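To be precise, the following lines are my_file-v9.pdb, and they hold PDB, C-alpha atoms.
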```pdb
ATOM      1  CA  MET P 404     131.247 -82.427 -56.054  1.00  0.00           C
ATOM      2  CA  THR P 405     130.586 -82.390 -52.317  1.00  0.00           C
ATOM      3  CA  SER P 406     127.238 -81.553 -50.799  1.00  0.00           C
ATOM      4  CA  SER P 407     126.867 -79.038 -48.044  1.00  0.00           C
ATOM      5  CA  PRO P 408     124.415 -79.913 -45.259  1.00  0.00           C
ATOM      6  CA  SER P 409     121.822 -77.545 -46.796  1.00  0.00           C
ATOM      7  CA  GLU P 410     121.962 -79.014 -50.342  1.00  0.00           C
ATOM      8  CA  LYS P 411     119.991 -82.077 -51.392  1.00  0.00           C
ATOM      9  CA  PRO P 412     122.440 -84.962 -51.913  1.00  0.00           C
ATOM     10  CA  VAL P 413     122.322 -86.682 -55.290  1.00  0.00           C
ATOM     11  CA  THR P 414     123.545 -90.195 -54.427  1.00  0.00           C
ATOM     12  CA  GLY P 415     123.869 -92.424 -51.378  1.00  0.00           C
ATOM     13  CA  LEU P 416     127.558 -91.480 -51.185  1.00  0.00           C
ATOM     14  CA  ASP P 417     126.688 -87.781 -51.233  1.00  0.00           C
ATOM     15  CA  GLU P 418     124.118 -88.414 -48.488  1.00  0.00           C
ATOM     16  CA  PHE P 419     126.672 -90.333 -46.415  1.00  0.00           C
ATOM     17  CA  ARG P 420     129.305 -87.617 -46.891  1.00  0.00           C
ATOM     18  CA  ALA P 421     126.821 -84.847 -46.075  1.00  0.00           C
ATOM     19  CA  ALA P 422     125.701 -86.607 -42.884  1.00  0.00           C
ATOM     20  CA  LEU P 423     129.307 -87.099 -41.767  1.00  0.00           C
ATOM     21  CA  LEU P 424     130.098 -83.418 -42.437  1.00  0.00           C
ATOM     22  CA  ASP P 425     127.080 -82.190 -40.497  1.00  0.00           C
ATOM     23  CA  TYR P 426     128.746 -82.164 -37.043  1.00  0.00           C
ATOM     24  CA  LYS P 427     126.258 -79.736 -35.496  1.00  0.00           C
ATOM     25  CA  ASN P 428     123.345 -82.081 -36.063  1.00  0.00           C
ATOM     26  CA  ILE P 429     122.501 -84.475 -33.208  1.00  0.00           C
ATOM     27  CA  SER P 430     121.729 -87.227 -35.706  1.00  0.00           C
ATOM     28  CA  SER P 431     125.372 -87.258 -36.778  1.00  0.00           C
ATOM     29  CA  TRP P 432     126.392 -87.752 -33.156  1.00  0.00           C
ATOM     30  CA  ALA P 433     123.950 -90.646 -32.887  1.00  0.00           C
ATOM     31  CA  MET P 434     125.374 -92.214 -36.045  1.00  0.00           C
ATOM     32  CA  GLY P 435     128.942 -91.830 -34.799  1.00  0.00           C
ATOM     33  CA  GLY P 436     127.871 -93.245 -31.455  1.00  0.00           C
ATOM     34  CA  THR P 437     126.768 -96.504 -33.032  1.00  0.00           C
ATOM     35  CA  VAL P 438     130.354 -97.139 -34.094  1.00  0.00           C
ATOM     36  CA  ALA P 439     131.794 -95.968 -30.757  1.00  0.00           C
ATOM     37  CA  VAL P 440     129.449 -98.045 -28.557  1.00  0.00           C
ATOM     38  CA  PRO P 441     131.159-101.425 -29.085  1.00  0.00           C
ATOM     39  CA  LEU P 442     134.497 -99.840 -28.214  1.00  0.00           C
ATOM     40  CA  LEU P 443     133.086 -99.362 -24.705  1.00  0.00           C
ATOM     41  CA  ASP P 444     133.468-103.131 -24.419  1.00  0.00           C
ATOM     42  CA  TYR P 445     137.107-102.446 -23.612  1.00  0.00           C
ATOM     43  CA  VAL P 446     135.850-100.912 -20.348  1.00  0.00           C
ATOM     44  CA  VAL P 447     132.607-102.777 -19.580  1.00  0.00           C
ATOM     45  CA  ARG P 448     133.656-106.286 -20.764  1.00  0.00           C
ATOM     46  CA  LEU P 449     130.130-107.283 -21.775  1.00  0.00           C
ATOM     47  CA  GLY P 450     131.215-108.590 -25.172  1.00  0.00           C
ATOM     48  CA  PRO P 451     131.869-112.220 -25.976  1.00  0.00           C
ATOM     49  CA  PRO P 452     135.220-113.649 -24.919  1.00  0.00           C
ATOM     50  CA  TRP P 453     137.471-114.388 -27.844  1.00  0.00           C
ATOM     51  CA  PRO P 454     140.846-116.143 -28.051  1.00  0.00           C
ATOM     52  CA  TRP P 455     142.639-112.971 -29.125  1.00  0.00           C
ATOM     53  CA  ALA P 456     142.289-109.933 -26.922  1.00  0.00           C
ATOM     54  CA  GLY P 457     140.623-106.809 -28.230  1.00  0.00           C
ATOM     55  CA  GLY P 458     139.318-108.387 -31.414  1.00  0.00           C
ATOM     56  CA  VAL P 459     135.579-108.270 -30.759  1.00  0.00           C
ATOM     57  CA  PRO P 460     135.238-104.472 -30.326  1.00  0.00           C
ATOM     58  CA  ILE P 461     137.257-103.861 -33.485  1.00  0.00           C
ATOM     59  CA  ILE P 462     135.256-106.421 -35.501  1.00  0.00           C
ATOM     60  CA  THR P 463     132.023-104.883 -34.177  1.00  0.00           C
ATOM     61  CA  ALA P 464     133.044-101.328 -35.088  1.00  0.00           C
ATOM     62  CA  VAL P 465     134.013-102.438 -38.619  1.00  0.00           C
ATOM     63  CA  ALA P 466     130.709-104.352 -39.021  1.00  0.00           C
ATOM     64  CA  GLU P 467     128.779-101.265 -37.939  1.00  0.00           C
ATOM     65  CA  LEU P 468     130.693 -99.018 -40.308  1.00  0.00           C
ATOM     66  CA  LEU P 469     129.976-101.422 -43.186  1.00  0.00           C
ATOM     67  CA  THR P 470     126.315-101.435 -42.131  1.00  0.00           C
ATOM     68  CA  LEU P 471     126.214 -97.631 -42.277  1.00  0.00           C
ATOM     69  CA  ILE P 472     127.744 -97.694 -45.751  1.00  0.00           C
ATOM     70  CA  CYS P 473     125.185-100.287 -46.939  1.00  0.00           C
ATOM     71  CA  VAL P 474     122.249 -98.356 -45.469  1.00  0.00           C
ATOM     72  CA  PHE P 475     123.342 -95.138 -47.164  1.00  0.00           C
ATOM     73  CA  HIS P 476     124.017 -96.945 -50.445  1.00  0.00           C
ATOM     74  CA  PHE P 477     120.979 -99.207 -50.725  1.00  0.00           C
ATOM     75  CA  TRP P 478     118.290 -97.393 -48.726  1.00  0.00           C
ATOM     76  CA  SER P 479     118.974 -93.731 -49.524  1.00  0.00           C
ATOM     77  CA  ARG P 480     115.709 -93.285 -51.455  1.00  0.00           C
ATOM     78  CA  SER P 481     113.353 -95.357 -49.283  1.00  0.00           C
ATOM     79  CA  SER P 482     109.835 -94.120 -48.625  1.00  0.00           C
ATOM     80  CA  ARG P 483     108.558 -93.321 -45.142  1.00  0.00           C
ATOM     81  CA  LYS P 484     106.492 -96.534 -45.132  1.00  0.00           C
ATOM     82  CA  SER P 485     109.554 -98.656 -46.037  1.00  0.00           C
ATOM     83  CA  VAL P 486     111.723 -96.927 -43.439  1.00  0.00           C
ATOM     84  CA  SER P 487     109.061 -97.334 -40.731  1.00  0.00           C
ATOM     85  CA  ARG P 488     108.628-101.045 -41.483  1.00  0.00           C
ATOM     86  CA  ARG P 489     112.390-101.548 -41.601  1.00  0.00           C
ATOM     87  CA  ILE P 490     112.909 -99.784 -38.257  1.00  0.00           C
ATOM     88  CA  VAL P 491     110.278-101.963 -36.548  1.00  0.00           C
ATOM     89  CA  ILE P 492     111.839-105.144 -37.961  1.00  0.00           C
ATOM     90  CA  LEU P 493     115.335-104.026 -36.966  1.00  0.00           C
ATOM     91  CA  ILE P 494     114.262-103.160 -33.411  1.00  0.00           C
ATOM     92  CA  VAL P 495     112.552-106.554 -33.003  1.00  0.00           C
ATOM     93  CA  LEU P 496     115.706-108.245 -34.356  1.00  0.00           C
ATOM     94  CA  LEU P 497     117.843-106.193 -31.946  1.00  0.00           C
ATOM     95  CA  VAL P 498     115.731-107.179 -28.930  1.00  0.00           C
ATOM     96  CA  ILE P 499     115.705-110.881 -29.879  1.00  0.00           C
ATOM     97  CA  CYS P 500     119.431-111.053 -30.673  1.00  0.00           C
ATOM     98  CA  PHE P 501     120.633-109.037 -27.690  1.00  0.00           C
ATOM     99  CA  GLY P 502     118.282-110.868 -25.306  1.00  0.00           C
ATOM    100  CA  SER P 503     119.547-114.200 -26.643  1.00  0.00           C
ATOM    101  CA  TYR P 504     123.119-112.975 -26.369  1.00  0.00           C
ATOM    102  CA  LEU P 505     122.661-111.931 -22.728  1.00  0.00           C
ATOM    103  CA  TYR P 506     121.091-115.290 -21.848  1.00  0.00           C
ATOM    104  CA  LEU P 507     123.783-117.357 -23.591  1.00  0.00           C
ATOM    105  CA  ASN P 508     126.567-115.113 -22.290  1.00  0.00           C
ATOM    106  CA  GLY P 509     125.321-115.650 -18.742  1.00  0.00           C
ATOM    107  CA  THR P 510     124.896-119.397 -19.245  1.00  0.00           C
ATOM    108  CA  PHE P 511     127.940-120.324 -21.357  1.00  0.00           C
ATOM    109  CA  THR P 512     130.703-118.080 -20.012  1.00  0.00           C
ATOM    110  CA  PHE P 513     132.667-118.085 -16.781  1.00  0.00           C
ATOM    111  CA  SER P 514     135.317-115.941 -15.150  1.00  0.00           C
ATOM    112  CA  THR P 515     138.462-117.187 -13.474  1.00  0.00           C
ATOM    113  CA  PRO P 516     139.555-115.852 -10.078  1.00  0.00           C
ATOM    114  CA  LEU P 517     141.937-113.568 -12.039  1.00  0.00           C
ATOM    115  CA  GLY P 518     138.975-112.046 -13.892  1.00  0.00           C
ATOM    116  CA  GLU P 519     139.624-113.676 -17.267  1.00  0.00           C
ATOM    117  CA  LYS P 520     136.452-114.597 -19.147  1.00  0.00           C
ATOM    118  CA  PHE P 521     136.115-117.867 -21.103  1.00  0.00           C
ATOM    119  CA  VAL P 522     133.404-119.700 -23.032  1.00  0.00           C
ATOM    120  CA  LYS P 523     131.989-123.029 -21.886  1.00  0.00           C
ATOM    121  CA  GLY P 524     131.044-125.734 -24.342  1.00  0.00           C
ATOM    122  CA  PHE P 525     127.815-127.685 -24.495  1.00  0.00           C
ATOM    123  CA  THR P 526     129.251-131.201 -25.025  1.00  0.00           C
ATOM    124  CA  LEU P 527     131.331-132.817 -22.292  1.00  0.00           C
ATOM    125  CA  THR P 528     134.574-134.597 -23.113  1.00  0.00           C
ATOM    126  CA  PRO P 529     134.317-138.404 -22.727  1.00  0.00           C
ATOM    127  CA  ASP P 530     136.408-138.285 -19.527  1.00  0.00           C
ATOM    128  CA  ALA P 531     134.312-135.494 -18.008  1.00  0.00           C
ATOM    129  CA  ALA P 532     131.061-137.225 -18.909  1.00  0.00           C
ATOM    130  CA  LEU P 533     132.102-140.241 -16.807  1.00  0.00           C
ATOM    131  CA  LEU P 534     132.879-138.091 -13.755  1.00  0.00           C
ATOM    132  CA  ILE P 535     130.066-135.526 -13.694  1.00  0.00           C
ATOM    133  CA  THR P 536     127.311-136.261 -11.176  1.00  0.00           C
ATOM    134  CA  PRO P 537     124.771-134.086  -9.359  1.00  0.00           C
ATOM    135  CA  GLU P 538     127.315-133.763  -6.537  1.00  0.00           C
ATOM    136  CA  TYR P 539     130.363-133.207  -8.773  1.00  0.00           C
ATOM    137  CA  THR P 540     129.322-130.489 -11.223  1.00  0.00           C
ATOM    138  CA  THR P 541     131.036-129.095 -14.287  1.00  0.00           C
ATOM    139  CA  ASP P 542     131.888-125.963 -12.280  1.00  0.00           C
ATOM    140  CA  ALA P 543     133.660-128.065  -9.629  1.00  0.00           C
ATOM    141  CA  MET P 544     135.542-129.988 -12.326  1.00  0.00           C
ATOM    142  CA  LEU P 545     136.434-126.746 -14.101  1.00  0.00           C
ATOM    143  CA  GLU P 546     137.934-125.335 -10.901  1.00  0.00           C
ATOM    144  CA  GLU P 547     139.828-128.567 -10.259  1.00  0.00           C
ATOM    145  CA  MET P 548     141.209-128.540 -13.834  1.00  0.00           C
ATOM    146  CA  GLY P 549     142.645-125.051 -13.453  1.00  0.00           C
ATOM    147  CA  TYR P 550     139.801-123.299 -15.316  1.00  0.00           C
ATOM    148  CA  ARG P 551     140.685-124.939 -18.637  1.00  0.00           C
ATOM    149  CA  PRO P 552     137.383-125.272 -20.522  1.00  0.00           C
ATOM    150  CA  ASP P 553     138.854-127.797 -22.985  1.00  0.00           C
ATOM    151  CA  ALA P 554     139.430-130.185 -20.063  1.00  0.00           C
ATOM    152  CA  VAL P 555     135.659-130.295 -19.437  1.00  0.00           C
ATOM    153  CA  TRP P 556     134.003-129.623 -22.824  1.00  0.00           C
ATOM    154  CA  THR P 557     134.943-130.639 -26.345  1.00  0.00           C
ATOM    155  CA  SER P 558     136.891-128.084 -28.351  1.00  0.00           C
ATOM    156  CA  SER P 559     134.313-128.137 -31.131  1.00  0.00           C
ATOM    157  CA  SER P 560     131.439-127.283 -28.757  1.00  0.00           C
ATOM    158  CA  ILE P 561     133.485-124.423 -27.264  1.00  0.00           C
ATOM    159  CA  THR P 562     134.224-123.073 -30.752  1.00  0.00           C
ATOM    160  CA  VAL P 563     130.571-123.319 -31.818  1.00  0.00           C
ATOM    161  CA  MET P 564     129.484-121.427 -28.689  1.00  0.00           C
ATOM    162  CA  GLN P 565     132.154-118.746 -29.293  1.00  0.00           C
ATOM    163  CA  LEU P 566     130.816-118.286 -32.826  1.00  0.00           C
ATOM    164  CA  VAL P 567     127.170-118.203 -31.680  1.00  0.00           C
ATOM    165  CA  LEU P 568     127.983-115.542 -29.076  1.00  0.00           C
ATOM    166  CA  LEU P 569     129.961-113.509 -31.615  1.00  0.00           C
ATOM    167  CA  PHE P 570     127.183-113.818 -34.222  1.00  0.00           C
ATOM    168  CA  LEU P 571     124.466-112.654 -31.797  1.00  0.00           C
ATOM    169  CA  TRP P 572     126.680-109.802 -30.557  1.00  0.00           C
ATOM    170  CA  LEU P 573     127.431-108.611 -34.105  1.00  0.00           C
ATOM    171  CA  LEU P 574     123.839-108.981 -35.279  1.00  0.00           C
ATOM    172  CA  SER P 575     122.676-106.928 -32.285  1.00  0.00           C
ATOM    173  CA  PHE P 576     124.992-104.050 -33.119  1.00  0.00           C
ATOM    174  CA  ILE P 577     124.363-104.304 -36.864  1.00  0.00           C
ATOM    175  CA  SER P 578     120.621-104.031 -36.127  1.00  0.00           C
ATOM    176  CA  LEU P 579     121.224-101.041 -33.870  1.00  0.00           C
ATOM    177  CA  SER P 580     123.412 -99.342 -36.449  1.00  0.00           C
ATOM    178  CA  ALA P 581     120.957 -99.981 -39.303  1.00  0.00           C
ATOM    179  CA  THR P 582     118.038 -98.704 -37.194  1.00  0.00           C
ATOM    180  CA  ILE P 583     119.782 -95.452 -36.312  1.00  0.00           C
ATOM    181  CA  ALA P 584     121.151 -94.949 -39.832  1.00  0.00           C
ATOM    182  CA  SER P 585     117.727 -95.545 -41.413  1.00  0.00           C
ATOM    183  CA  PHE P 586     116.123 -93.060 -39.042  1.00  0.00           C
ATOM    184  CA  VAL P 587     118.859 -90.454 -39.566  1.00  0.00           C
ATOM    185  CA  LEU P 588     118.931 -90.882 -43.334  1.00  0.00           C
ATOM    186  CA  TYR P 589     115.183 -90.505 -43.766  1.00  0.00           C
ATOM    187  CA  HIS P 590     114.784 -87.527 -41.420  1.00  0.00           C
ATOM    188  CA  ARG P 591     117.872 -85.783 -42.719  1.00  0.00           C
ATOM    189  CA  ARG P 592     116.586 -86.153 -46.274  1.00  0.00           C
ATOM    190  CA  THR P 593     113.145 -84.769 -45.365  1.00  0.00           C
ATOM    191  CA  SER P 594     114.663 -81.818 -43.471  1.00  0.00           C
ATOM    192  CA  VAL P 595     116.899 -80.953 -46.464  1.00  0.00           C
ATOM    193  CA  ARG P 596     113.786 -80.871 -48.701  1.00  0.00           C
ATOM    194  CA  ASN P 597     112.032 -78.365 -46.423  1.00  0.00           C
TER     195      ASN P 597
END
```

As a first step, turn the structure in this file into structure tokens.
Amino acid sequence: MTSSPSEKPVTGLDEFRAALLDYKNISSWAMGGTVAVPLLDYVVRLGPPWPWAGGVPIITAVAELLTLICVFHFWSRSSRKSVSRRIVILIVLLVICFGSYLYLNGTFTFSTPLGEKFVKGFTLTPDAALLITPEYTTDAMLEEMGYRPDAVWTSSSITVMQLVLLFLWLLSFISLSATIASFVLYHRRTSVRN
């Protein structure tokens, strides 16, 4: 049995299906936008660099879709007080994670003259540690080494930083998606009752 937008959904799945079918409602556009936003990374290139091209926007869109499914499944009957508290927590989490991501992205990434973006590490290789001085910086060494980060920083520190950037990026968008879905779910449910 499928629910029309004017009927009260019975389960979280019915609620999810009804919200997806309600194309005229602006809340459905907002929900769809949460999944589409990370795909803009193809154009803007704000996302974390990853060894395989195009992976981060796809992973982000899938994580957001799974978040929407979880919100509709687990939180479909939440009270206004629970939804309000959850939205505040999610917005605070979004601000902290995205602010941290922007700081670390600005500090631990670099672009080559060709416009490719790579992640820096936080631990120098033994050879680089012997050569780095206030006059001969990691940026100068990186340029001299042909913009190969593994020639300056250890592979493990580069990998850890890639994972930290990816984690903060995903958690930011998961928080955004959960915030919007919680808001939409609660207000859609209350409008169906009226």

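Coordinates place atom CA of Val555 of chain P at a distance of 15.3 Å from atom CA of Pro537 of chain P.
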
Spell out the residues picked by the PyMOL selection byres ((chain P and resi 531) around 9) here, as an mmCIF file with C-alpha atoms, in the coordinates of the input.
```cif
data_model
loop_
_atom_site.group_PDB
_atom_site.id
_atom_site.type_symbol
_atom_site.label_atom_id
_atom_site.label_comp_id
_atom_site.auth_asym_id
_atom_site.auth_seq_id
_atom_site.Cartn_x
_atom_site.Cartn_y
_atom_site.Cartn_z
ATOM 1 C CA LEU P 527 131.331 -132.817 -22.292
ATOM 2 C CA THR P 528 134.574 -134.597 -23.113
ATOM 3 C CA PRO P 529 134.317 -138.404 -22.727
ATOM 4 C CA ASP P 530 136.408 -138.285 -19.527
ATOM 5 C CA ALA P 532 131.061 -137.225 -18.909
ATOM 6 C CA LEU P 533 132.102 -140.241 -16.807
ATOM 7 C CA LEU P 534 132.879 -138.091 -13.755
ATOM 8 C CA ILE P 535 130.066 -135.526 -13.694
ATOM 9 C CA THR P 541 131.036 -129.095 -14.287
ATOM 10 C CA MET P 544 135.542 -129.988 -12.326
ATOM 11 C CA ALA P 554 139.430 -130.185 -20.063
ATOM 12 C CA VAL P 555 135.659 -130.295 -19.437
ATOM 13 C CA TRP P 556 134.003 -129.623 -22.824
#
```

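Pairwise distance (atom CA of Ala581 of chain P, atom CA of Gly458 of chain P) equals 21.7 Å.
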
Give me, as a PDB file with C-alpha atoms, keeping the file's coordinate frame, all polymer residues having an atom no more than 7 Å from segment 468-472 of chain P, counting only C-alpha atoms and skipping those fewer than 2 positions away in the same chain.
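Written out: part-v9.pdb:
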```
ATOM      1  CA  VAL P 438     130.354 -97.139 -34.094  1.00  0.00           C
ATOM      2  CA  ALA P 464     133.044-101.328 -35.088  1.00  0.00           C
ATOM      3  CA  VAL P 465     134.013-102.438 -38.619  1.00  0.00           C
ATOM      4  CA  ALA P 466     130.709-104.352 -39.021  1.00  0.00           C
ATOM      5  CA  VAL P 474     122.249 -98.356 -45.469  1.00  0.00           C
ATOM      6  CA  PHE P 475     123.342 -95.138 -47.164  1.00  0.00           C
ATOM      7  CA  HIS P 476     124.017 -96.945 -50.445  1.00  0.00           C
ATOM      8  CA  ILE P 577     124.363-104.304 -36.864  1.00  0.00           C
ATOM      9  CA  SER P 580     123.412 -99.342 -36.449  1.00  0.00           C
ATOM     10  CA  ALA P 581     120.957 -99.981 -39.303  1.00  0.00           C
ATOM     11  CA  ALA P 584     121.151 -94.949 -39.832  1.00  0.00           C
TER      12      ALA P 584
END
```

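Closest to Leu493 of chain P among P:Leu569, P:Ile583, P:Met564, P:Val522 is P:Ile583, based on only C-alpha atoms.
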
Item to check | Test item: residues at most 10 Å from segment 483-489 of chain P, all atoms listed in the file, excluding those fewer than 6 positions along its chain, as a PyMOL selection string | outcome: chain P and resi 495+581-582+585-586+588-590+593

Checklist entry - Which distance in Å separates atom CA of Tyr504 of chain P and atom CA of Leu568 of chain P, to one decimal? => result 6.1 Å

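Comparing the minimum interatomic distances between Leu545 of chain P and each of P:Gln565, P:Ser575, P:Phe513, P:Ile492, counting all atoms listed in the file, we find that P:Phe513 sits nearest.
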
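With all atoms listed in the file as the atoms that count, the residue of P:Thr463, P:Gly509, P:Ser482, P:Thr515 with the shortest distance to Glu546 of chain P is P:Thr515.
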
Checklist outcome for this item: Of P:Ile462, P:Cys500, P:Tyr506, P:Ser481, the one sitting nearest Leu579 of chain P when using all atoms listed in the file is P:Cys500
